[in-house]
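Next up, my_file-v1.tsv (TSV, C-alpha atoms and all ligand atoms):
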```tsv
chain	number	residue	atom	x	y	z
A	83	MET	CA	52.72	101.02	60.48
A	84	HIS	CA	53.16	97.43	61.49
A	85	ALA	CA	55.95	96.66	63.95
A	86	CYS	CA	58.15	93.74	62.99
A	87	PHE	CA	56.82	90.84	65.01
A	88	LEU	CA	60.27	89.27	65.31
A	89	MET	CA	61.63	92.24	67.19
A	90	PRO	CA	61.83	91.56	70.93
A	91	ALA	CA	59.43	93.88	72.67
A	92	VAL	CA	61.49	94.26	75.83
A	93	LYS	CA	65.12	95.34	75.86
A	94	LYS	CA	66.24	95.89	79.45
A	95	CYS	CA	64.88	92.96	81.44
A	96	ARG	CA	66.72	89.74	80.84
A	97	TYR	CA	63.89	87.63	82.28
A	98	ALA	CA	61.32	89.21	80.00
A	99	CYS	CA	63.70	88.77	77.10
A	100	THR	CA	64.09	85.09	77.87
A	101	ILE	CA	60.32	84.72	78.00
A	102	THR	CA	59.94	86.64	74.76
A	103	PHE	CA	62.61	84.51	73.12
A	104	ALA	CA	61.05	81.27	74.39
A	105	ALA	CA	57.66	82.42	73.16
A	106	LEU	CA	59.20	83.17	69.78
A	107	ILE	CA	60.76	79.73	69.52
A	108	PHE	CA	57.43	78.20	70.55
A	109	ALA	CA	55.50	80.30	68.04
A	110	SER	CA	57.99	79.38	65.37
A	111	SER	CA	57.85	75.64	66.04
A	112	MET	CA	54.06	75.78	66.30
A	113	ALA	CA	54.02	77.57	63.01
A	114	GLN	CA	56.16	74.86	61.50
A	115	ALA	CA	53.96	72.12	62.95
A	116	GLN	CA	50.71	73.66	61.78
A	117	GLN	CA	51.76	75.42	58.61
A	118	LYS	CA	52.63	73.91	55.30
A	119	PHE	CA	55.82	75.96	55.12
A	120	ASP	CA	58.52	77.62	57.20
A	121	ALA	CA	57.08	81.02	58.14
A	122	ILE	CA	60.42	82.34	59.44
A	123	ASN	CA	62.08	81.51	56.13
A	124	LEU	CA	59.20	83.12	54.25
A	125	LEU	CA	59.69	86.44	56.04
A	126	LYS	CA	63.47	86.20	55.67
A	127	THR	CA	63.07	86.01	51.89
A	128	VAL	CA	60.93	89.14	51.75
A	129	LYS	CA	63.25	91.03	54.09
A	130	LEU	CA	66.29	90.14	52.03
A	131	LEU	CA	64.79	90.82	48.58
A	132	ALA	CA	63.40	94.14	49.83
A	133	SER	CA	66.63	95.27	51.51
A	134	ASP	CA	68.34	98.48	50.37
A	135	SER	CA	71.38	96.52	49.17
A	136	LEU	CA	69.29	95.14	46.27
A	137	GLN	CA	68.42	98.69	45.20
A	138	GLY	CA	64.92	97.89	43.98
A	139	ARG	CA	65.83	94.89	41.76
A	140	LYS	CA	65.34	96.64	38.43
A	141	THR	CA	65.95	94.44	35.37
A	142	GLY	CA	69.57	94.59	34.23
A	143	THR	CA	71.00	95.95	37.52
A	144	PRO	CA	73.34	94.30	40.06
A	145	GLY	CA	70.48	94.32	42.60
A	146	ASN	CA	68.31	92.34	40.19
A	147	GLN	CA	71.22	89.91	39.75
A	148	ALA	CA	71.58	89.56	43.53
A	149	ALA	CA	67.87	88.72	43.77
A	150	ARG	CA	68.32	86.14	41.03
A	151	GLU	CA	71.28	84.55	42.82
A	152	TYR	CA	69.21	84.26	46.00
A	153	ILE	CA	66.31	82.62	44.15
A	154	VAL	CA	68.56	80.21	42.21
A	155	ALA	CA	70.26	79.16	45.46
A	156	ALA	CA	66.80	78.52	46.95
A	157	PHE	CA	65.76	76.48	43.87
A	158	LYS	CA	68.94	74.39	44.20
A	159	GLY	CA	68.53	74.01	47.96
A	160	MET	CA	65.04	72.57	47.44
A	161	ALA	CA	66.18	70.35	44.54
A	162	LEU	CA	63.75	71.92	42.09
A	163	GLU	CA	64.14	70.30	38.65
A	164	PRO	CA	65.17	72.62	35.81
A	165	VAL	CA	62.85	72.89	32.80
A	166	PHE	CA	65.44	74.22	30.35
A	167	ASP	CA	69.17	73.26	30.46
A	168	SER	CA	69.44	75.36	33.60
A	169	TYR	CA	67.02	77.41	35.70
A	170	THR	CA	67.53	80.49	33.54
A	171	GLN	CA	65.56	81.66	30.51
A	172	PRO	CA	67.31	84.75	29.09
A	173	PHE	CA	65.46	87.15	26.82
A	174	SER	CA	65.86	90.67	25.53
A	175	PHE	CA	63.44	93.39	24.55
A	176	GLU	CA	63.16	97.07	23.73
A	177	SER	CA	61.36	99.33	26.15
A	178	ARG	CA	58.68	101.32	24.37
A	179	ARG	CA	58.54	103.77	27.28
A	180	GLU	CA	62.29	104.51	27.04
A	181	GLN	CA	62.73	105.20	23.31
A	182	GLY	CA	63.60	101.64	22.43
A	183	LYS	CA	66.21	101.16	25.17
A	184	ARG	CA	67.42	97.57	25.05
A	185	TYR	CA	67.15	95.37	28.14
A	186	ASP	CA	68.32	91.85	28.89
A	187	GLY	CA	66.08	89.96	31.29
A	188	ILE	CA	66.35	86.52	32.86
A	189	ASN	CA	63.42	84.36	33.96
A	190	LEU	CA	64.03	81.63	36.53
A	191	ILE	CA	62.11	78.44	35.78
A	192	GLY	CA	61.88	75.02	37.42
A	193	LYS	CA	59.35	72.25	38.00
A	194	ARG	CA	57.96	69.54	40.23
A	195	THR	CA	57.06	66.58	38.04
A	196	GLY	CA	53.49	65.30	38.28
A	197	GLN	CA	52.83	61.80	39.60
A	198	LYS	CA	49.60	61.17	37.66
A	199	THR	CA	49.49	63.38	34.57
A	200	PRO	CA	53.02	64.72	34.12
A	201	GLN	CA	52.32	65.90	30.54
A	202	LYS	CA	49.77	68.45	31.75
A	203	TYR	CA	51.07	71.60	33.38
A	204	ILE	CA	50.14	74.28	35.87
A	205	VAL	CA	52.40	77.36	35.83
A	206	VAL	CA	52.75	79.14	39.19
A	207	SER	CA	54.39	82.53	38.77
A	208	ALA	CA	55.65	85.59	40.66
A	209	HIS	CA	57.83	88.39	39.30
A	210	TYR	CA	61.07	89.12	41.15
A	211	ASP	CA	62.01	92.44	39.54
A	212	HIS	CA	60.86	95.82	40.78
A	213	VAL	CA	61.31	99.43	39.62
A	214	GLY	CA	64.79	100.16	41.03
A	215	MET	CA	65.85	103.66	42.04
A	216	LYS	CA	64.52	107.11	41.10
A	217	ASN	CA	66.09	110.43	42.16
A	218	GLY	CA	68.42	108.63	44.56
A	219	GLU	CA	65.54	106.87	46.33
A	220	ILE	CA	65.31	103.10	46.55
A	221	TYR	CA	61.98	101.49	45.72
A	222	ASN	CA	62.30	98.28	47.73
A	223	GLY	CA	59.15	96.55	46.49
A	224	ALA	CA	58.51	94.43	49.58
A	225	ASP	CA	54.86	93.78	48.81
A	226	ASP	CA	55.46	94.23	45.03
A	227	ASN	CA	56.69	91.58	44.66
A	228	ALA	CA	59.18	90.18	47.15
A	229	SER	CA	56.03	88.84	48.84
A	230	GLY	CA	55.01	86.85	45.75
A	231	VAL	CA	58.49	85.37	45.42
A	232	GLY	CA	58.39	84.31	49.08
A	233	ALA	CA	55.06	82.57	48.41
A	234	LEU	CA	56.49	80.94	45.27
A	235	LEU	CA	59.46	79.50	47.22
A	236	ALA	CA	57.12	78.26	49.98
A	237	ALA	CA	55.01	76.46	47.37
A	238	ILE	CA	58.10	74.91	45.79
A	239	ASP	CA	59.10	73.57	49.21
A	240	TYR	CA	55.58	72.22	49.86
A	241	PHE	CA	55.27	70.41	46.52
A	242	GLY	CA	58.71	68.91	47.01
A	243	LYS	CA	57.34	67.18	50.12
A	244	HIS	CA	53.86	66.57	48.61
A	245	PRO	CA	54.44	65.69	44.94
A	246	PRO	CA	51.70	67.07	42.67
A	247	GLU	CA	49.51	65.11	40.23
A	248	HIS	CA	50.16	67.46	37.30
A	249	THR	CA	53.60	68.88	36.63
A	250	ILE	CA	53.85	72.28	38.27
A	251	ILE	CA	56.20	74.73	36.57
A	252	PHE	CA	57.40	77.45	38.95
A	253	ALA	CA	58.39	80.72	37.28
A	254	ALA	CA	60.09	83.72	38.87
A	255	PHE	CA	59.62	86.22	36.04
A	256	ASP	CA	61.87	89.19	35.32
A	257	ALA	CA	60.88	92.57	33.80
A	258	GLU	CA	57.23	92.55	34.83
A	259	GLU	CA	57.56	96.22	35.71
A	260	LEU	CA	58.78	96.98	32.17
A	261	GLY	CA	55.64	95.61	30.54
A	262	LEU	CA	55.18	91.95	31.56
A	263	GLN	CA	58.25	91.15	29.45
A	264	GLY	CA	59.34	87.98	31.27
A	265	ALA	CA	55.90	86.42	31.00
A	266	ARG	CA	55.73	87.41	27.32
A	267	ALA	CA	59.11	85.75	26.69
A	268	PHE	CA	57.92	82.61	28.47
A	269	ILE	CA	54.75	82.46	26.36
A	270	ASN	CA	56.77	83.06	23.17
A	271	GLU	CA	59.08	80.16	24.03
A	272	THR	CA	57.14	77.84	26.26
A	273	PRO	CA	59.24	74.82	27.24
A	274	VAL	CA	56.17	72.58	26.78
A	275	PRO	CA	53.34	72.63	24.20
A	276	ARG	CA	51.12	75.61	24.95
A	277	ASP	CA	47.92	73.59	24.89
A	278	SER	CA	49.29	71.31	27.62
A	279	ILE	CA	49.34	74.27	30.03
A	280	LEU	CA	46.03	74.08	31.90
A	281	LEU	CA	46.37	77.14	34.08
A	282	ASN	CA	48.54	80.03	35.25
A	283	ILE	CA	48.34	80.93	38.93
A	284	ASN	CA	50.04	84.30	39.46
A	285	PHE	CA	51.10	85.85	42.80
A	286	ASP	CA	51.75	89.61	42.83
A	287	MET	CA	51.42	91.69	46.04
A	288	VAL	CA	50.14	89.32	48.68
A	289	SER	CA	51.44	90.58	52.03
A	290	ARG	CA	49.27	93.41	53.36
A	291	ASN	CA	45.69	94.57	53.61
A	292	ALA	CA	44.05	96.18	56.64
A	293	GLN	CA	40.79	94.29	56.00
A	294	ARG	CA	42.68	90.99	55.53
A	295	GLU	CA	41.29	90.77	51.98
A	296	LEU	CA	42.89	89.07	49.00
A	297	TYR	CA	41.50	89.22	45.47
A	298	ALA	CA	41.14	86.20	43.22
A	299	VAL	CA	41.07	87.75	39.75
A	300	GLY	CA	40.09	86.02	36.52
A	301	THR	CA	36.93	84.07	37.30
A	302	SER	CA	34.74	86.33	35.14
A	303	HIS	CA	36.80	85.09	32.18
A	304	TYR	CA	37.10	81.53	33.50
A	305	PRO	CA	34.03	80.80	35.66
A	306	GLN	CA	34.98	77.12	35.79
A	307	LEU	CA	37.82	78.09	38.16
A	308	LYS	CA	35.63	79.82	40.73
A	309	PRO	CA	34.41	76.73	42.67
A	310	PHE	CA	38.03	75.68	43.37
A	311	VAL	CA	38.80	79.06	44.91
A	312	GLU	CA	35.50	79.18	46.82
A	313	ALA	CA	36.06	75.78	48.39
A	314	VAL	CA	39.54	76.70	49.64
A	315	ALA	CA	38.48	80.21	50.65
A	316	ALA	CA	35.76	78.76	52.91
A	317	GLU	CA	38.52	77.23	55.07
A	318	ALA	CA	40.95	80.16	54.87
A	319	LYS	CA	41.87	82.59	57.65
A	320	ILE	CA	41.67	85.54	55.21
A	321	HIS	CA	38.81	87.03	53.20
A	322	VAL	CA	38.95	86.08	49.53
A	323	LEU	CA	37.13	88.44	47.16
A	324	PHE	CA	36.35	88.10	43.46
A	325	GLY	CA	36.43	90.94	40.95
A	326	HIS	CA	38.82	93.33	39.21
A	327	ASP	CA	38.36	91.37	35.99
A	328	THR	CA	35.54	93.05	34.05
A	329	LYS	CA	35.69	95.92	31.59
A	330	GLY	CA	32.77	97.75	33.21
A	331	GLU	CA	34.90	98.81	36.17
A	332	LYS	CA	36.65	102.19	36.43
A	333	PRO	CA	39.85	102.64	34.37
A	334	GLY	CA	42.64	100.77	36.14
A	335	ASP	CA	40.19	98.63	38.10
A	336	ASP	CA	40.23	95.80	35.58
A	337	TRP	CA	43.39	93.84	36.42
A	338	THR	CA	43.03	91.33	33.56
A	339	SER	CA	46.28	92.57	32.00
A	340	ALA	CA	47.85	94.14	35.11
A	341	SER	CA	50.50	91.51	35.82
A	342	ASP	CA	52.18	88.42	34.35
A	343	HIS	CA	48.93	86.48	33.96
A	344	GLY	CA	48.09	88.87	31.07
A	345	PRO	CA	50.21	87.14	28.40
A	346	PHE	CA	48.78	83.75	29.47
A	347	HIS	CA	45.23	85.09	29.07
A	348	ARG	CA	46.07	86.49	25.62
A	349	ALA	CA	47.38	83.03	24.66
A	350	ASN	CA	44.04	81.55	25.75
A	351	ILE	CA	45.53	79.91	28.84
A	352	PRO	CA	43.19	80.28	31.84
A	353	PHE	CA	44.57	82.22	34.78
A	354	ILE	CA	43.90	83.08	38.38
A	355	TYR	CA	45.71	86.07	39.78
A	356	PHE	CA	45.99	86.53	43.55
A	357	GLY	CA	46.80	90.00	44.89
A	358	VAL	CA	45.72	92.68	47.34
A	359	GLU	CA	44.01	96.00	46.66
A	360	ASP	CA	46.41	98.86	45.89
A	361	HIS	CA	47.71	100.63	49.00
A	362	PRO	CA	49.38	104.00	49.71
A	363	ASP	CA	52.89	102.50	49.41
A	364	TYR	CA	52.21	100.88	46.02
A	365	HIS	CA	55.12	101.83	43.69
A	366	LYS	CA	56.50	104.18	46.35
A	367	PRO	CA	59.89	104.07	48.12
A	368	SER	CA	57.88	103.19	51.25
A	369	ASP	CA	56.89	99.72	50.00
A	370	ASP	CA	59.22	98.38	52.69
A	371	TYR	CA	59.50	95.16	54.66
A	372	GLU	CA	58.44	97.05	57.80
A	373	ASN	CA	55.11	97.85	56.14
A	374	ILE	CA	54.01	94.33	55.28
A	375	ASP	CA	51.67	92.50	57.68
A	376	PRO	CA	53.47	89.27	58.65
A	377	ALA	CA	50.45	87.60	60.27
A	378	PHE	CA	48.21	88.30	57.26
A	379	TYR	CA	50.96	87.31	54.82
A	380	ILE	CA	51.50	83.95	56.52
A	381	ASP	CA	47.75	83.24	56.36
A	382	VAL	CA	47.71	84.25	52.68
A	383	VAL	CA	50.56	81.90	51.80
A	384	ASP	CA	48.80	79.09	53.65
A	385	PHE	CA	45.73	79.78	51.48
A	386	LEU	CA	47.74	80.07	48.25
A	387	ILE	CA	49.36	76.67	48.74
A	388	ASP	CA	45.94	75.14	49.42
A	389	ALA	CA	44.59	76.80	46.28
A	390	VAL	CA	47.39	75.45	44.08
A	391	ALA	CA	46.88	71.99	45.60
A	392	ALA	CA	43.12	72.18	44.96
A	393	PHE	CA	43.61	73.07	41.30
A	394	ASP	CA	46.20	70.32	40.94
A	395	LYS	CA	43.85	67.70	42.41
A	396	GLY	CA	40.69	68.91	40.70
A	397	MET	CA	41.68	69.81	37.15
A	401	ZN	ZN	54.01	93.52	40.86
```
Just give me the structure of the file as structure tokens.
Ligand SMILES: [Zn+2]
Amino acid sequence: MHACFLMPAVKKCRYACTITFAALIFASSMAQAQQKFDAINLLKTVKLLASDSLQGRKTGTPGNQAAREYIVAAFKGMALEPVFDSYTQPFSFESRREQGKRYDGINLIGKRTGQKTPQKYIVVSAHYDHVGMKNGEIYNGADDNASGVGALLAAIDYFGKHPPEHTIIFAAFDAEELGLQGARAFINETPVPRDSILLNINFDMVSRNAQRELYAVGTSHYPQLKPFVEAVAAEAKIHVLFGHDTKGEKPGDDWTSASDHGPFHRANIPFIYFGVEDHPDYHKPSDDYENIDPAFYIDVVDFLIDAVAAFDKGM
């Protein structure tokens, strides 16, 4: 288990506490100077979205609504431009797994307008829903996928300060856990012509791996995307691996349709999906904030922003 790195290590000695606190402030300001985003804010987002009060953020629940309110407030705070009349894209669907039970979902969509080719689009996505509660236990979904939402918000902040060349649409999708429903709804009613969408970059589970490895999935389908990832990976503080995107692998090992990039792929829109290998807390009540790896996560988000910027500049 990883200890929270914000927790002061010493309780009883005031001097040591002062030192610890000063070191924290220093680390935080260094982080802000060197990083492309506010690391403290990043962790705060994951902690809040994965807190028990949000009860696992299942589509259609008050906890899911609370997550949405947090994300919308963040969008507003960073002056993200809406794509539709507002940030919300409502949709409804029937769950095949639950005898046709009807759900209402809400995607949250905004954009940063491109400075060079605004009529061409990159969609950066992360789902904000999780699986909710089962047998009285809360599935907090810290890695899956509060971590992706944190990365999404960090990227929105970055591209507000460094305007992109293409228009980047940022999508916090709902109902991923119920069958990629938010991404399907987005593809069914894209706010821009489908063939003007160059690429989907999807973040789902990006905050923990003991080997500091992150997968870039999709290059076997879209080999033209691989050099972009390789160039950024060469400078990254994490290990970037390719794979999980061919049929020859064991059942479940091909992640081509495993998250919201699936509907983009089926619509012939190239995708890159970034995510970690499955871990023991995957889809367990123990996918908690305390079990993410803050240092790794911060390095991942640094890499993800560089990757989005590289695609924006190079495509
Ligand atoms: Zn997920």
Produce the centre coordinates and the three edge lengths, each in Å to one decimal, of the box along x, y and z that contains all listed atoms of region 255-272 of chain A with 6 Å added on each side, as JSON.
```
{"center_x": 58.3, "center_y": 87.4, "center_z": 29.6, "size_x": 19.1, "size_y": 31.1, "size_z": 24.9}
```
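Proximity to region 210-221 of chain A at 6 Å, evaluated using only C-alpha atoms and with sequence-adjacent residues fewer than 4 positions away removed, yields Gln137, Gly138, Arg139, Lys140, Ala254, Asp256, Ala257 and Pro367 of chain A.
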Write to file, as a JSON list (two decimals), in the coordinates of the input, the residues of the selection just made, with C-alpha atoms.
```json
[["chain", "number", "residue", "atom", "x", "y", "z"],
["A", 137, "GLN", "CA", 68.42, 98.69, 45.20],
["A", 138, "GLY", "CA", 64.92, 97.89, 43.98],
["A", 139, "ARG", "CA", 65.83, 94.89, 41.76],
["A", 140, "LYS", "CA", 65.34, 96.64, 38.43],
["A", 254, "ALA", "CA", 60.09, 83.72, 38.87],
["A", 256, "ASP", "CA", 61.87, 89.19, 35.32],
["A", 257, "ALA", "CA", 60.88, 92.57, 33.80],
["A", 367, "PRO", "CA", 59.89, 104.07, 48.12]]
```
As a quick test: using all atoms listed in the file, which residues lie no more than 9 Å away from ligand ZN 401 (chain A)? Give them as an mmCIF file with C-alpha atoms, in the coordinates of the input.
```
data_model
loop_
_atom_site.group_PDB
_atom_site.id
_atom_site.type_symbol
_atom_site.label_atom_id
_atom_site.label_comp_id
_atom_site.auth_asym_id
_atom_site.auth_seq_id
_atom_site.Cartn_x
_atom_site.Cartn_y
_atom_site.Cartn_z
ATOM 1 C CA ALA A 208 55.650 85.590 40.660
ATOM 2 C CA HIS A 209 57.830 88.390 39.300
ATOM 3 C CA TYR A 210 61.070 89.120 41.150
ATOM 4 C CA ASP A 211 62.010 92.440 39.540
ATOM 5 C CA HIS A 212 60.860 95.820 40.780
ATOM 6 C CA GLY A 223 59.150 96.550 46.490
ATOM 7 C CA ASP A 225 54.860 93.780 48.810
ATOM 8 C CA ASP A 226 55.460 94.230 45.030
ATOM 9 C CA ASN A 227 56.690 91.580 44.660
ATOM 10 C CA ALA A 228 59.180 90.180 47.150
ATOM 11 C CA GLY A 230 55.010 86.850 45.750
ATOM 12 C CA GLU A 258 57.230 92.550 34.830
ATOM 13 C CA GLU A 259 57.560 96.220 35.710
ATOM 14 C CA PHE A 285 51.100 85.850 42.800
ATOM 15 C CA ASP A 286 51.750 89.610 42.830
ATOM 16 C CA MET A 287 51.420 91.690 46.040
ATOM 17 C CA ALA A 340 47.850 94.140 35.110
ATOM 18 C CA SER A 341 50.500 91.510 35.820
ATOM 19 C CA ASP A 342 52.180 88.420 34.350
ATOM 20 C CA GLY A 357 46.800 90.000 44.890
ATOM 21 C CA HIS A 365 55.120 101.830 43.690
#
```
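Distance check against Asp384 (chain A) using all atoms listed in the file: of A:Glu163, A:Asp369, A:Glu312, A:Glu317, the minimum falls on A:Glu317.
When CA of Lys329 (chain A) is paired with CA of Ile269 (chain A), their separation reads 23.9 Å.
Going from CA of Leu190 (chain A) to CA of Pro164 (chain A) covers 9.1 Å.
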Exercise for the section: Give as JSON, numbers by chain every residue, naming chains and numbers as the document does, that has an atom within 9 Å of (39.4, 87.2, 49.6), counting all atoms listed in the file. Expected result: {"A": [294, 295, 296, 297, 298, 315, 318, 320, 321, 322, 323, 324, 356, 358]}
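Near Ile283 (chain A), within 7 Å and counting all atoms listed in the file, sit Val205, Val206, Ser207, Phe353, Ile354 and Tyr355 of chain A, not including residues fewer than 6 positions from it in the same chain.
Of the listed residues (A:Ala148, A:Ala236, A:Met397, A:Ala267), A:Ala236 comes nearest to Ile122 (chain A); the distances count only C-alpha atoms.
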Exercise for the section: Could you pull out every residue with an atom within 8 Å of (46.4, 87.7, 56.4), file coordinates, counting only C-alpha atoms, and send them as an MDAnalysis selection string? Expected result: chainID A and resid 289:291 294:295 319:320 375:382
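Among the candidates A:Phe268, A:Trp337, A:Phe241, A:Tyr371, the residue lying nearest to Val299 (chain A) is A:Trp337 (atoms considered: all atoms listed in the file).
When only C-alpha atoms are used to measure the gap to Val311 (chain A), the shortest distance among A:Ile250, A:Val390, A:Val288, A:Ala237 belongs to A:Val390.
The gap separating CA of Leu130 (chain A) from CA of Leu234 (chain A) is 15.0 Å, in Å to one decimal.
Using all atoms listed in the file, the nearest neighbour of Ala224 (chain A) within the list A:Val154, A:Ala132, A:Leu125, A:Ala389 is A:Ala132.
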Which polymer residues have any atom within 8 Å of an atom of Pro200 (chain A), counting all atoms listed in the file, with same-chain residues fewer than 6 positions away left out, as an mmCIF file with C-alpha atoms, in the frame of the given file?
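Listed below is the output, out-v1.cif:
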```cif
data_model
loop_
_atom_site.group_PDB
_atom_site.id
_atom_site.type_symbol
_atom_site.label_atom_id
_atom_site.label_comp_id
_atom_site.auth_asym_id
_atom_site.auth_seq_id
_atom_site.Cartn_x
_atom_site.Cartn_y
_atom_site.Cartn_z
ATOM 1 C CA GLU A 247 49.510 65.110 40.230
ATOM 2 C CA HIS A 248 50.160 67.460 37.300
ATOM 3 C CA THR A 249 53.600 68.880 36.630
#
```
What would region 284-337 of chain A look like if you wrote it out as a JSON list (two decimals), in the first residue's frame, with C-alpha atoms included, from the block I just posted?
```json
[["chain", "number", "residue", "atom", "x", "y", "z"],
["A", 284, "ASN", "CA", -8.59, 8.11, -24.26],
["A", 285, "PHE", "CA", -7.40, 8.07, -20.62],
["A", 286, "ASP", "CA", -8.71, 5.23, -18.43],
["A", 287, "MET", "CA", -6.77, 4.02, -15.34],
["A", 288, "VAL", "CA", -3.54, 5.97, -15.32],
["A", 289, "SER", "CA", -2.45, 6.29, -11.68],
["A", 290, "ARG", "CA", -0.69, 3.13, -10.50],
["A", 291, "ASN", "CA", 1.71, 0.44, -11.63],
["A", 292, "ALA", "CA", 4.54, -1.05, -9.57],
["A", 293, "GLN", "CA", 6.81, -1.21, -12.64],
["A", 294, "ARG", "CA", 5.93, 2.40, -13.60],
["A", 295, "GLU", "CA", 4.53, 1.11, -16.92],
["A", 296, "LEU", "CA", 1.79, 2.67, -19.00],
["A", 297, "TYR", "CA", 0.32, 1.08, -22.12],
["A", 298, "ALA", "CA", -0.27, 2.95, -25.36],
["A", 299, "VAL", "CA", -2.94, 0.85, -27.06],
["A", 300, "GLY", "CA", -4.05, 1.11, -30.68],
["A", 301, "THR", "CA", -0.88, 1.36, -32.73],
["A", 302, "SER", "CA", -1.34, -2.09, -34.27],
["A", 303, "HIS", "CA", -4.50, -0.69, -35.88],
["A", 304, "TYR", "CA", -3.00, 2.74, -36.54],
["A", 305, "PRO", "CA", 0.78, 2.32, -36.99],
["A", 306, "GLN", "CA", 1.05, 5.91, -38.20],
["A", 307, "LEU", "CA", 0.45, 7.02, -34.59],
["A", 308, "LYS", "CA", 3.34, 5.06, -33.09],
["A", 309, "PRO", "CA", 6.21, 7.49, -33.88],
["A", 310, "PHE", "CA", 4.41, 10.30, -32.02],
["A", 311, "VAL", "CA", 4.15, 8.18, -28.88],
["A", 312, "GLU", "CA", 7.72, 6.87, -29.22],
["A", 313, "ALA", "CA", 9.17, 10.36, -29.49],
["A", 314, "VAL", "CA", 7.39, 11.58, -26.35],
["A", 315, "ALA", "CA", 8.01, 8.32, -24.48],
["A", 316, "ALA", "CA", 11.77, 8.70, -25.03],
["A", 317, "GLU", "CA", 11.67, 11.82, -22.82],
["A", 318, "ALA", "CA", 9.17, 10.51, -20.27],
["A", 319, "LYS", "CA", 9.86, 9.53, -16.65],
["A", 320, "ILE", "CA", 7.67, 6.42, -17.02],
["A", 321, "HIS", "CA", 7.94, 3.31, -19.19],
["A", 322, "VAL", "CA", 5.58, 3.36, -22.14],
["A", 323, "LEU", "CA", 4.68, -0.04, -23.60],
["A", 324, "PHE", "CA", 2.78, -0.96, -26.76],
["A", 325, "GLY", "CA", 0.38, -3.86, -27.08],
["A", 326, "HIS", "CA", -3.02, -5.08, -25.88],
["A", 327, "ASP", "CA", -4.44, -4.37, -29.33],
["A", 328, "THR", "CA", -4.18, -7.59, -31.33],
["A", 329, "LYS", "CA", -6.62, -10.48, -31.57],
["A", 330, "GLY", "CA", -3.90, -13.10, -31.07],
["A", 331, "GLU", "CA", -3.62, -12.29, -27.37],
["A", 332, "LYS", "CA", -5.43, -14.22, -24.62],
["A", 333, "PRO", "CA", -9.16, -13.47, -24.17],
["A", 334, "GLY", "CA", -9.48, -10.13, -22.40],
["A", 335, "ASP", "CA", -5.94, -9.11, -23.35],
["A", 336, "ASP", "CA", -7.04, -7.27, -26.48],
["A", 337, "TRP", "CA", -8.22, -3.87, -25.20]]
```
